[in-house]
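Note: the block below is run-v5.txt and it holds compact mmCIF, N, CA and C atoms.
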```txt
# COMPACT_ATOMS: atom_id res chain seq x y z
N MET T 1 55.95 -168.03 -75.83
CA MET T 1 57.23 -167.73 -76.42
C MET T 1 58.28 -167.50 -75.34
N LEU T 2 57.92 -166.74 -74.31
CA LEU T 2 58.88 -166.48 -73.24
C LEU T 2 59.28 -167.76 -72.51
N ASP T 3 58.30 -168.62 -72.25
CA ASP T 3 58.62 -169.90 -71.59
C ASP T 3 59.59 -170.72 -72.42
N ASN T 4 59.36 -170.78 -73.72
CA ASN T 4 60.26 -171.54 -74.60
C ASN T 4 61.66 -170.95 -74.60
N ARG T 5 61.74 -169.65 -74.67
CA ARG T 5 63.06 -168.98 -74.69
C ARG T 5 63.79 -169.17 -73.36
N ILE T 6 63.05 -169.11 -72.24
CA ILE T 6 63.65 -169.35 -70.92
C ILE T 6 64.25 -170.75 -70.87
N GLU T 7 63.50 -171.73 -71.35
CA GLU T 7 64.00 -173.11 -71.36
C GLU T 7 65.25 -173.24 -72.22
N GLU T 8 65.24 -172.63 -73.39
CA GLU T 8 66.40 -172.70 -74.29
C GLU T 8 67.65 -172.10 -73.63
N LEU T 9 67.50 -170.94 -73.03
CA LEU T 9 68.64 -170.28 -72.40
C LEU T 9 69.12 -171.05 -71.18
N ASN T 10 68.18 -171.59 -70.41
CA ASN T 10 68.52 -172.32 -69.18
C ASN T 10 69.30 -173.60 -69.45
N GLU T 11 69.11 -174.18 -70.64
CA GLU T 11 69.79 -175.44 -70.96
C GLU T 11 71.31 -175.32 -70.87
N SER T 12 71.84 -174.15 -71.16
CA SER T 12 73.29 -173.98 -71.16
C SER T 12 73.81 -173.41 -69.83
N LEU T 13 72.92 -173.19 -68.86
CA LEU T 13 73.32 -172.60 -67.59
C LEU T 13 73.37 -173.64 -66.48
N GLU T 14 74.26 -173.41 -65.54
CA GLU T 14 74.31 -174.28 -64.36
C GLU T 14 73.09 -174.01 -63.49
N SER T 15 72.63 -175.06 -62.80
CA SER T 15 71.49 -174.86 -61.91
C SER T 15 71.93 -174.00 -60.73
N LEU T 16 70.97 -173.31 -60.16
CA LEU T 16 71.27 -172.39 -59.06
C LEU T 16 71.19 -173.10 -57.72
N GLU T 17 72.21 -172.88 -56.92
CA GLU T 17 72.22 -173.40 -55.55
C GLU T 17 72.11 -172.25 -54.55
N GLU T 18 72.48 -171.06 -54.98
CA GLU T 18 72.49 -169.87 -54.13
C GLU T 18 71.78 -168.73 -54.84
N PHE T 19 71.47 -167.71 -54.09
CA PHE T 19 70.86 -166.50 -54.63
C PHE T 19 71.93 -165.70 -55.37
N ILE T 20 71.59 -165.17 -56.52
CA ILE T 20 72.53 -164.37 -57.32
C ILE T 20 72.25 -162.89 -57.08
N LEU T 21 73.31 -162.16 -56.79
CA LEU T 21 73.20 -160.71 -56.65
C LEU T 21 73.32 -160.07 -58.03
N PRO T 22 72.54 -159.05 -58.30
CA PRO T 22 72.64 -158.37 -59.59
C PRO T 22 74.04 -157.80 -59.79
N GLY T 23 74.49 -157.81 -61.01
CA GLY T 23 75.81 -157.24 -61.28
C GLY T 23 76.26 -157.58 -62.68
N GLY T 24 77.56 -157.48 -62.88
CA GLY T 24 78.13 -157.71 -64.19
C GLY T 24 78.51 -156.38 -64.81
N ASP T 25 78.54 -156.34 -66.13
CA ASP T 25 78.84 -155.08 -66.80
C ASP T 25 77.56 -154.24 -66.91
N SER T 26 77.64 -153.13 -67.63
CA SER T 26 76.49 -152.23 -67.68
C SER T 26 75.28 -152.88 -68.36
N PHE T 27 75.49 -153.70 -69.40
CA PHE T 27 74.36 -154.34 -70.07
C PHE T 27 73.67 -155.32 -69.12
N SER T 28 74.44 -156.14 -68.46
CA SER T 28 73.88 -157.11 -67.52
C SER T 28 73.17 -156.41 -66.37
N SER T 29 73.76 -155.35 -65.87
CA SER T 29 73.13 -154.59 -64.79
C SER T 29 71.81 -154.00 -65.24
N ASN T 30 71.75 -153.55 -66.48
CA ASN T 30 70.49 -153.01 -67.01
C ASN T 30 69.43 -154.10 -67.17
N LEU T 31 69.85 -155.31 -67.50
CA LEU T 31 68.89 -156.42 -67.54
C LEU T 31 68.31 -156.68 -66.15
N HIS T 32 69.17 -156.63 -65.13
CA HIS T 32 68.69 -156.81 -63.75
C HIS T 32 67.75 -155.66 -63.35
N LEU T 33 68.07 -154.46 -63.78
CA LEU T 33 67.21 -153.32 -63.49
C LEU T 33 65.85 -153.49 -64.18
N ALA T 34 65.86 -153.91 -65.43
CA ALA T 34 64.61 -154.15 -66.15
C ALA T 34 63.80 -155.24 -65.47
N ARG T 35 64.48 -156.25 -64.97
CA ARG T 35 63.80 -157.32 -64.24
C ARG T 35 63.12 -156.78 -62.99
N ALA T 36 63.82 -155.93 -62.25
CA ALA T 36 63.25 -155.35 -61.04
C ALA T 36 62.02 -154.49 -61.37
N ILE T 37 62.09 -153.76 -62.46
CA ILE T 37 60.95 -152.94 -62.88
C ILE T 37 59.77 -153.82 -63.28
N ALA T 38 60.05 -154.92 -63.97
CA ALA T 38 58.97 -155.85 -64.34
C ALA T 38 58.32 -156.45 -63.10
N ARG T 39 59.13 -156.80 -62.10
CA ARG T 39 58.58 -157.35 -60.84
C ARG T 39 57.73 -156.30 -60.12
N ARG T 40 58.22 -155.07 -60.08
CA ARG T 40 57.47 -154.00 -59.43
C ARG T 40 56.14 -153.78 -60.16
N SER T 41 56.18 -153.82 -61.48
CA SER T 41 54.95 -153.68 -62.27
C SER T 41 53.99 -154.82 -61.98
N GLU T 42 54.53 -156.01 -61.87
CA GLU T 42 53.69 -157.18 -61.56
C GLU T 42 52.99 -156.99 -60.22
N ARG T 43 53.72 -156.54 -59.21
CA ARG T 43 53.11 -156.33 -57.89
C ARG T 43 52.02 -155.26 -57.96
N SER T 44 52.25 -154.22 -58.74
CA SER T 44 51.24 -153.16 -58.87
C SER T 44 49.99 -153.68 -59.55
N ILE T 45 50.17 -154.48 -60.59
CA ILE T 45 49.02 -155.05 -61.31
C ILE T 45 48.26 -156.01 -60.40
N VAL T 46 48.98 -156.78 -59.59
CA VAL T 46 48.31 -157.69 -58.66
C VAL T 46 47.41 -156.90 -57.72
N ASP T 47 47.91 -155.78 -57.22
CA ASP T 47 47.08 -154.94 -56.35
C ASP T 47 45.82 -154.46 -57.06
N LEU T 48 45.92 -154.16 -58.35
CA LEU T 48 44.76 -153.67 -59.11
C LEU T 48 43.75 -154.78 -59.41
N TYR T 49 44.27 -155.98 -59.68
CA TYR T 49 43.41 -157.08 -60.13
C TYR T 49 43.33 -158.22 -59.12
N ILE T 50 43.43 -157.93 -57.85
CA ILE T 50 43.51 -158.96 -56.81
C ILE T 50 42.34 -159.96 -56.87
N LYS T 51 41.18 -159.53 -57.32
CA LYS T 51 40.02 -160.42 -57.35
C LYS T 51 40.01 -161.34 -58.57
N ASP T 52 40.82 -161.06 -59.57
CA ASP T 52 40.77 -161.84 -60.81
C ASP T 52 42.19 -162.22 -61.27
N LEU T 53 42.98 -162.78 -60.37
CA LEU T 53 44.36 -163.11 -60.71
C LEU T 53 44.50 -164.37 -61.56
N ASN T 54 43.60 -165.31 -61.40
CA ASN T 54 43.75 -166.60 -62.09
C ASN T 54 43.70 -166.47 -63.61
N ASN T 55 42.93 -165.55 -64.11
CA ASN T 55 42.79 -165.40 -65.56
C ASN T 55 43.39 -164.10 -66.08
N ASN T 56 44.34 -163.55 -65.35
CA ASN T 56 44.89 -162.27 -65.74
C ASN T 56 46.17 -162.46 -66.54
N ASN T 57 46.08 -162.26 -67.85
CA ASN T 57 47.24 -162.45 -68.72
C ASN T 57 48.33 -161.42 -68.49
N ILE T 58 47.97 -160.24 -68.01
CA ILE T 58 48.98 -159.20 -67.76
C ILE T 58 49.91 -159.65 -66.63
N VAL T 59 49.34 -160.16 -65.57
CA VAL T 59 50.14 -160.63 -64.44
C VAL T 59 51.03 -161.79 -64.87
N LYS T 60 50.45 -162.71 -65.61
CA LYS T 60 51.23 -163.87 -66.08
C LYS T 60 52.38 -163.44 -66.97
N TYR T 61 52.10 -162.50 -67.88
CA TYR T 61 53.14 -162.03 -68.79
C TYR T 61 54.27 -161.33 -68.03
N LEU T 62 53.93 -160.44 -67.12
CA LEU T 62 54.96 -159.72 -66.37
C LEU T 62 55.81 -160.67 -65.53
N ASN T 63 55.18 -161.71 -64.99
CA ASN T 63 55.91 -162.71 -64.23
C ASN T 63 56.92 -163.43 -65.11
N ARG T 64 56.48 -163.87 -66.27
CA ARG T 64 57.38 -164.58 -67.19
C ARG T 64 58.44 -163.64 -67.75
N LEU T 65 58.08 -162.38 -68.00
CA LEU T 65 59.04 -161.41 -68.50
C LEU T 65 60.18 -161.21 -67.50
N SER T 66 59.84 -161.07 -66.24
CA SER T 66 60.90 -160.88 -65.24
C SER T 66 61.79 -162.12 -65.13
N ASP T 67 61.19 -163.30 -65.23
CA ASP T 67 61.99 -164.54 -65.23
C ASP T 67 62.91 -164.59 -66.45
N TYR T 68 62.38 -164.20 -67.60
CA TYR T 68 63.18 -164.18 -68.83
C TYR T 68 64.36 -163.23 -68.70
N LEU T 69 64.13 -162.04 -68.18
CA LEU T 69 65.21 -161.07 -68.03
C LEU T 69 66.29 -161.59 -67.08
N PHE T 70 65.89 -162.31 -66.04
CA PHE T 70 66.85 -162.90 -65.12
C PHE T 70 67.71 -163.95 -65.82
N VAL T 71 67.07 -164.85 -66.54
CA VAL T 71 67.79 -165.91 -67.25
C VAL T 71 68.65 -165.30 -68.36
N LEU T 72 68.14 -164.29 -69.03
CA LEU T 72 68.91 -163.62 -70.08
C LEU T 72 70.17 -162.98 -69.50
N SER T 73 70.08 -162.38 -68.34
CA SER T 73 71.27 -161.78 -67.72
C SER T 73 72.30 -162.86 -67.37
N ARG T 74 71.83 -164.00 -66.87
CA ARG T 74 72.75 -165.11 -66.57
C ARG T 74 73.40 -165.64 -67.85
N PHE T 75 72.60 -165.78 -68.89
CA PHE T 75 73.11 -166.27 -70.18
C PHE T 75 74.13 -165.29 -70.76
N TYR T 76 73.81 -164.02 -70.71
CA TYR T 76 74.73 -162.98 -71.21
C TYR T 76 76.05 -163.02 -70.43
N ASN T 77 75.95 -163.08 -69.11
CA ASN T 77 77.17 -163.12 -68.30
C ASN T 77 78.02 -164.34 -68.61
N LYS T 78 77.38 -165.48 -68.77
CA LYS T 78 78.13 -166.69 -69.07
C LYS T 78 78.86 -166.55 -70.41
N ASN T 79 78.16 -166.08 -71.42
CA ASN T 79 78.75 -165.96 -72.76
C ASN T 79 79.81 -164.87 -72.86
N ASN T 80 79.82 -163.96 -71.90
CA ASN T 80 80.81 -162.89 -71.89
C ASN T 80 81.84 -163.08 -70.77
N HIS T 81 81.86 -164.28 -70.21
CA HIS T 81 82.84 -164.67 -69.17
C HIS T 81 82.83 -163.71 -67.98
N ILE T 82 81.63 -163.35 -67.56
CA ILE T 82 81.44 -162.49 -66.39
C ILE T 82 80.96 -163.38 -65.25
N ASP T 83 81.71 -163.39 -64.16
CA ASP T 83 81.34 -164.22 -63.00
C ASP T 83 80.05 -163.74 -62.38
N GLU T 84 79.23 -164.71 -61.94
CA GLU T 84 78.02 -164.38 -61.23
C GLU T 84 78.39 -164.08 -59.77
N ASN T 85 77.73 -163.11 -59.21
CA ASN T 85 78.00 -162.68 -57.86
C ASN T 85 77.02 -163.40 -56.93
N MET T 86 77.49 -164.44 -56.23
CA MET T 86 76.61 -165.25 -55.38
C MET T 86 76.50 -164.65 -53.98
N TRP T 87 75.32 -164.79 -53.42
CA TRP T 87 75.05 -164.37 -52.04
C TRP T 87 75.83 -165.27 -51.12
N LYS T 88 76.51 -164.68 -50.16
CA LYS T 88 77.26 -165.45 -49.16
C LYS T 88 76.51 -165.38 -47.84
N LYS T 89 76.19 -166.55 -47.31
CA LYS T 89 75.46 -166.61 -46.04
C LYS T 89 76.31 -166.17 -44.89
```
What would you get if you wrote out this structure as structure tokens?
Amino acid sequence: MLDNRIEELNESLESLEEFILPGGDSFSSNLHLARAIARRSERSIVDLYIKDLNNNNIVKYLNRLSDYLFVLSRFYNKNNHIDENMWKK
């Protein structure tokens, strides 16, 4: 379900050429925060299940969840006319 939703949301977004810095309004910032927490959880689970990562649905779910939250924040920002904050080299 998350993969399908990510694809649907991504269809209306421009492809990424640069790294996006978290930001936007409070809702978008909270989506980025939730994404960071999902990534941190994923890393913790990987440490616990390092010997059995290939068949670990928890790790797979947390990975897709963090990707979904990232795409959702981009989608939300686009629909609310909030500029994305791009990393400047």
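Note that CA of Tyr68 in chain T and CA of Asp3 in chain T are 7.8 Å apart.
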Exercise. DSSP on the backbone: what in chain T comes out strand (DSSP E or B), as a ChimeraX atom specification?
Worked result: /T:20-21,85-86
Residues from last step as file, N, CA and C atoms, as a PDB file, in the coordinates of the input:
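Writing the result to part-v8.pdb gives the following:
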```
ATOM      1  N   ILE T  20      71.590-165.170 -56.520  1.00  0.00           N
ATOM      2  CA  ILE T  20      72.530-164.370 -57.320  1.00  0.00           C
ATOM      3  C   ILE T  20      72.250-162.890 -57.080  1.00  0.00           C
ATOM      4  N   LEU T  21      73.310-162.160 -56.790  1.00  0.00           N
ATOM      5  CA  LEU T  21      73.200-160.710 -56.650  1.00  0.00           C
ATOM      6  C   LEU T  21      73.320-160.070 -58.030  1.00  0.00           C
ATOM      7  N   ASN T  85      77.730-163.110 -59.210  1.00  0.00           N
ATOM      8  CA  ASN T  85      78.000-162.680 -57.860  1.00  0.00           C
ATOM      9  C   ASN T  85      77.020-163.400 -56.930  1.00  0.00           C
ATOM     10  N   MET T  86      77.490-164.440 -56.230  1.00  0.00           N
ATOM     11  CA  MET T  86      76.610-165.250 -55.380  1.00  0.00           C
ATOM     12  C   MET T  86      76.500-164.650 -53.980  1.00  0.00           C
TER      13      MET T  86
END
```
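All residues of protein, DNA or RNA that reach within 8 Å of Leu65 in chain T, judged by only N, CA and C atoms and not counting those fewer than 5 positions away in the chain, are Leu2, Asp3, Ala34, Arg35, Ala38, Arg39, Val59, Lys60, Phe70 and Val71 of chain T.
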Problem set entry | Selection as a list in words: residues within 10 Å of (55.1, -159.9, -61.9), counting only C-alpha atoms | Arg35, Ala36, Ile37, Ala38, Arg39, Arg40, Ser41, Glu42, Arg43, Ser44, Ile45, Val46, Ile58, Val59, Lys60, Tyr61, Leu62, Asn63, Arg64, Leu65, Ser66 and Asp67 of chain T
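For range 24-29 of chain T, the non-local neighbours within 8 Å, defined as residues at least 4 positions apart in the same chain or in other chains and counting all atoms listed in the file, are T:Leu33, T:Ala34, T:Arg35, T:Leu72, T:Ser73, T:Arg74, T:Tyr76, T:Asn77, T:Ile82, T:Asp83, T:Glu84, T:Asn85.
With CA of Asn57 in chain T on one side and atom C of Met1 in chain T on the other, the separation reads 13.8 Å.
Straight-line separation from atom C of Glu8 in chain T to atom C of Asn56 in chain T: 24.6 Å.
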For this session: Once DSSP has gone over the backbone, tell me which residues of range 6-71 of chain T are in helix (DSSP H, G or I), as JSON, numbers by chain.
Result: {"T": [6, 7, 8, 9, 10, 26, 27, 28, 29, 30, 31, 32, 33, 34, 35, 36, 37, 38, 39, 40, 41, 42, 43, 44, 45, 46, 47, 48, 50, 51, 52, 57, 58, 59, 60, 61, 62, 63, 64, 65, 66, 67, 68, 69, 70, 71]}
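With all atoms listed in the file as the basis for measurement, T:His32 is the residue among T:His32, T:Leu48, T:Met86, T:Phe19 that approaches Leu69 in chain T most closely.
Each of T:Pro22, T:Glu17, T:Asp47, T:Phe75 was checked against Arg5 in chain T using only C-alpha atoms; the smallest atom-to-atom distance is that of T:Phe75.
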Writing N, CA and C atoms and nothing else, produce range 15-62 of chain T as a PDB file, in the first residue's frame.
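Final file, part20.pdb:
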```
ATOM      1  N   SER T  15      11.073  15.609 -10.502  1.00  0.00           N
ATOM      2  CA  SER T  15      12.135  14.718 -10.052  1.00  0.00           C
ATOM      3  C   SER T  15      13.187  15.536  -9.302  1.00  0.00           C
ATOM      4  N   LEU T  16      13.880  14.872  -8.414  1.00  0.00           N
ATOM      5  CA  LEU T  16      14.869  15.556  -7.577  1.00  0.00           C
ATOM      6  C   LEU T  16      16.230  15.562  -8.246  1.00  0.00           C
ATOM      7  N   GLU T  17      16.838  16.727  -8.253  1.00  0.00           N
ATOM      8  CA  GLU T  17      18.202  16.873  -8.758  1.00  0.00           C
ATOM      9  C   GLU T  17      19.155  17.192  -7.607  1.00  0.00           C
ATOM     10  N   GLU T  18      18.613  17.729  -6.534  1.00  0.00           N
ATOM     11  CA  GLU T  18      19.397  18.147  -5.376  1.00  0.00           C
ATOM     12  C   GLU T  18      18.769  17.588  -4.105  1.00  0.00           C
ATOM     13  N   PHE T  19      19.518  17.647  -3.042  1.00  0.00           N
ATOM     14  CA  PHE T  19      19.046  17.233  -1.722  1.00  0.00           C
ATOM     15  C   PHE T  19      18.092  18.301  -1.188  1.00  0.00           C
ATOM     16  N   ILE T  20      16.993  17.885  -0.600  1.00  0.00           N
ATOM     17  CA  ILE T  20      16.018  18.816  -0.036  1.00  0.00           C
ATOM     18  C   ILE T  20      16.234  18.913   1.470  1.00  0.00           C
ATOM     19  N   LEU T  21      16.307  20.145   1.952  1.00  0.00           N
ATOM     20  CA  LEU T  21      16.400  20.376   3.391  1.00  0.00           C
ATOM     21  C   LEU T  21      14.989  20.386   3.983  1.00  0.00           C
ATOM     22  N   PRO T  22      14.817  19.809   5.148  1.00  0.00           N
ATOM     23  CA  PRO T  22      13.494  19.824   5.782  1.00  0.00           C
ATOM     24  C   PRO T  22      13.036  21.260   6.031  1.00  0.00           C
ATOM     25  N   GLY T  23      11.761  21.470   5.913  1.00  0.00           N
ATOM     26  CA  GLY T  23      11.240  22.809   6.173  1.00  0.00           C
ATOM     27  C   GLY T  23       9.803  22.923   5.732  1.00  0.00           C
ATOM     28  N   GLY T  24       9.375  24.157   5.544  1.00  0.00           N
ATOM     29  CA  GLY T  24       7.997  24.424   5.185  1.00  0.00           C
ATOM     30  C   GLY T  24       7.262  24.963   6.396  1.00  0.00           C
ATOM     31  N   ASP T  25       5.960  24.765   6.425  1.00  0.00           N
ATOM     32  CA  ASP T  25       5.188  25.211   7.584  1.00  0.00           C
ATOM     33  C   ASP T  25       5.265  24.143   8.683  1.00  0.00           C
ATOM     34  N   SER T  26       4.497  24.335   9.742  1.00  0.00           N
ATOM     35  CA  SER T  26       4.602  23.417  10.876  1.00  0.00           C
ATOM     36  C   SER T  26       4.173  21.990  10.514  1.00  0.00           C
ATOM     37  N   PHE T  27       3.152  21.837   9.661  1.00  0.00           N
ATOM     38  CA  PHE T  27       2.715  20.494   9.282  1.00  0.00           C
ATOM     39  C   PHE T  27       3.808  19.780   8.488  1.00  0.00           C
ATOM     40  N   SER T  28       4.361  20.461   7.515  1.00  0.00           N
ATOM     41  CA  SER T  28       5.423  19.880   6.699  1.00  0.00           C
ATOM     42  C   SER T  28       6.651  19.552   7.545  1.00  0.00           C
ATOM     43  N   SER T  29       6.995  20.444   8.451  1.00  0.00           N
ATOM     44  CA  SER T  29       8.134  20.195   9.338  1.00  0.00           C
ATOM     45  C   SER T  29       7.890  18.972  10.204  1.00  0.00           C
ATOM     46  N   ASN T  30       6.658  18.791  10.652  1.00  0.00           N
ATOM     47  CA  ASN T  30       6.327  17.608  11.454  1.00  0.00           C
ATOM     48  C   ASN T  30       6.409  16.331  10.627  1.00  0.00           C
ATOM     49  N   LEU T  31       6.066  16.404   9.349  1.00  0.00           N
ATOM     50  CA  LEU T  31       6.235  15.238   8.480  1.00  0.00           C
ATOM     51  C   LEU T  31       7.715  14.875   8.365  1.00  0.00           C
ATOM     52  N   HIS T  32       8.566  15.884   8.228  1.00  0.00           N
ATOM     53  CA  HIS T  32      10.013  15.629   8.166  1.00  0.00           C
ATOM     54  C   HIS T  32      10.520  15.054   9.490  1.00  0.00           C
ATOM     55  N   LEU T  33       9.994  15.547  10.594  1.00  0.00           N
ATOM     56  CA  LEU T  33      10.375  15.017  11.896  1.00  0.00           C
ATOM     57  C   LEU T  33       9.942  13.551  12.027  1.00  0.00           C
ATOM     58  N   ALA T  34       8.729  13.252  11.615  1.00  0.00           N
ATOM     59  CA  ALA T  34       8.239  11.869  11.657  1.00  0.00           C
ATOM     60  C   ALA T  34       9.102  10.974  10.772  1.00  0.00           C
ATOM     61  N   ARG T  35       9.519  11.497   9.641  1.00  0.00           N
ATOM     62  CA  ARG T  35      10.402  10.739   8.747  1.00  0.00           C
ATOM     63  C   ARG T  35      11.722  10.430   9.436  1.00  0.00           C
ATOM     64  N   ALA T  36      12.297  11.422  10.105  1.00  0.00           N
ATOM     65  CA  ALA T  36      13.562  11.214  10.806  1.00  0.00           C
ATOM     66  C   ALA T  36      13.408  10.163  11.916  1.00  0.00           C
ATOM     67  N   ILE T  37      12.289  10.190  12.606  1.00  0.00           N
ATOM     68  CA  ILE T  37      12.035   9.207  13.662  1.00  0.00           C
ATOM     69  C   ILE T  37      11.885   7.813  13.064  1.00  0.00           C
ATOM     70  N   ALA T  38      11.209   7.713  11.918  1.00  0.00           N
ATOM     71  CA  ALA T  38      11.067   6.411  11.250  1.00  0.00           C
ATOM     72  C   ALA T  38      12.430   5.880  10.822  1.00  0.00           C
ATOM     73  N   ARG T  39      13.292   6.753  10.301  1.00  0.00           N
ATOM     74  CA  ARG T  39      14.646   6.330   9.899  1.00  0.00           C
ATOM     75  C   ARG T  39      15.459   5.872  11.109  1.00  0.00           C
ATOM     76  N   ARG T  40      15.357   6.617  12.197  1.00  0.00           N
ATOM     77  CA  ARG T  40      16.078   6.242  13.413  1.00  0.00           C
ATOM     78  C   ARG T  40      15.579   4.892  13.918  1.00  0.00           C
ATOM     79  N   SER T  41      14.275   4.682  13.868  1.00  0.00           N
ATOM     80  CA  SER T  41      13.703   3.392  14.276  1.00  0.00           C
ATOM     81  C   SER T  41      14.207   2.275  13.380  1.00  0.00           C
ATOM     82  N   GLU T  42      14.274   2.552  12.093  1.00  0.00           N
ATOM     83  CA  GLU T  42      14.769   1.552  11.146  1.00  0.00           C
ATOM     84  C   GLU T  42      16.208   1.155  11.489  1.00  0.00           C
ATOM     85  N   ARG T  43      17.053   2.132  11.773  1.00  0.00           N
ATOM     86  CA  ARG T  43      18.444   1.826  12.122  1.00  0.00           C
ATOM     87  C   ARG T  43      18.523   1.000  13.404  1.00  0.00           C
ATOM     88  N   SER T  44      17.670   1.314  14.365  1.00  0.00           N
ATOM     89  CA  SER T  44      17.666   0.551  15.619  1.00  0.00           C
ATOM     90  C   SER T  44      17.233  -0.885  15.386  1.00  0.00           C
ATOM     91  N   ILE T  45      16.220  -1.072  14.566  1.00  0.00           N
ATOM     92  CA  ILE T  45      15.734  -2.422  14.256  1.00  0.00           C
ATOM     93  C   ILE T  45      16.798  -3.206  13.498  1.00  0.00           C
ATOM     94  N   VAL T  46      17.504  -2.538  12.589  1.00  0.00           N
ATOM     95  CA  VAL T  46      18.577  -3.210  11.848  1.00  0.00           C
ATOM     96  C   VAL T  46      19.623  -3.734  12.828  1.00  0.00           C
ATOM     97  N   ASP T  47      19.975  -2.922  13.813  1.00  0.00           N
ATOM     98  CA  ASP T  47      20.940  -3.382  14.814  1.00  0.00           C
ATOM     99  C   ASP T  47      20.440  -4.618  15.560  1.00  0.00           C
ATOM    100  N   LEU T  48      19.137  -4.676  15.829  1.00  0.00           N
ATOM    101  CA  LEU T  48      18.575  -5.823  16.557  1.00  0.00           C
ATOM    102  C   LEU T  48      18.499  -7.087  15.698  1.00  0.00           C
ATOM    103  N   TYR T  49      18.198  -6.895  14.407  1.00  0.00           N
ATOM    104  CA  TYR T  49      17.947  -8.042  13.526  1.00  0.00           C
ATOM    105  C   TYR T  49      19.009  -8.187  12.435  1.00  0.00           C
ATOM    106  N   ILE T  50      20.229  -7.800  12.709  1.00  0.00           N
ATOM    107  CA  ILE T  50      21.281  -7.763  11.693  1.00  0.00           C
ATOM    108  C   ILE T  50      21.463  -9.111  10.976  1.00  0.00           C
ATOM    109  N   LYS T  51      21.207 -10.217  11.653  1.00  0.00           N
ATOM    110  CA  LYS T  51      21.413 -11.530  11.042  1.00  0.00           C
ATOM    111  C   LYS T  51      20.261 -11.958  10.141  1.00  0.00           C
ATOM    112  N   ASP T  52      19.120 -11.294  10.227  1.00  0.00           N
ATOM    113  CA  ASP T  52      17.942 -11.728   9.471  1.00  0.00           C
ATOM    114  C   ASP T  52      17.267 -10.538   8.779  1.00  0.00           C
ATOM    115  N   LEU T  53      18.035  -9.738   8.063  1.00  0.00           N
ATOM    116  CA  LEU T  53      17.474  -8.547   7.436  1.00  0.00           C
ATOM    117  C   LEU T  53      16.673  -8.834   6.173  1.00  0.00           C
ATOM    118  N   ASN T  54      17.028  -9.875   5.451  1.00  0.00           N
ATOM    119  CA  ASN T  54      16.375 -10.140   4.163  1.00  0.00           C
ATOM    120  C   ASN T  54      14.888 -10.423   4.292  1.00  0.00           C
ATOM    121  N   ASN T  55      14.483 -11.054   5.361  1.00  0.00           N
ATOM    122  CA  ASN T  55      13.078 -11.418   5.529  1.00  0.00           C
ATOM    123  C   ASN T  55      12.408 -10.649   6.665  1.00  0.00           C
ATOM    124  N   ASN T  56      12.933  -9.486   6.987  1.00  0.00           N
ATOM    125  CA  ASN T  56      12.403  -8.751   8.114  1.00  0.00           C
ATOM    126  C   ASN T  56      11.406  -7.700   7.642  1.00  0.00           C
ATOM    127  N   ASN T  57      10.124  -7.980   7.854  1.00  0.00           N
ATOM    128  CA  ASN T  57       9.073  -7.060   7.403  1.00  0.00           C
ATOM    129  C   ASN T  57       9.063  -5.752   8.172  1.00  0.00           C
ATOM    130  N   ILE T  58       9.542  -5.752   9.400  1.00  0.00           N
ATOM    131  CA  ILE T  58       9.578  -4.516  10.189  1.00  0.00           C
ATOM    132  C   ILE T  58      10.544  -3.519   9.549  1.00  0.00           C
ATOM    133  N   VAL T  59      11.712  -3.988   9.185  1.00  0.00           N
ATOM    134  CA  VAL T  59      12.704  -3.119   8.549  1.00  0.00           C
ATOM    135  C   VAL T  59      12.174  -2.603   7.221  1.00  0.00           C
ATOM    136  N   LYS T  60      11.593  -3.487   6.448  1.00  0.00           N
ATOM    137  CA  LYS T  60      11.048  -3.075   5.144  1.00  0.00           C
ATOM    138  C   LYS T  60       9.950  -2.035   5.310  1.00  0.00           C
ATOM    139  N   TYR T  61       9.060  -2.256   6.280  1.00  0.00           N
ATOM    140  CA  TYR T  61       7.963  -1.319   6.504  1.00  0.00           C
ATOM    141  C   TYR T  61       8.487   0.050   6.941  1.00  0.00           C
ATOM    142  N   LEU T  62       9.401   0.082   7.887  1.00  0.00           N
ATOM    143  CA  LEU T  62       9.931   1.360   8.364  1.00  0.00           C
ATOM    144  C   LEU T  62      10.656   2.115   7.250  1.00  0.00           C
TER     145      LEU T  62
END
```
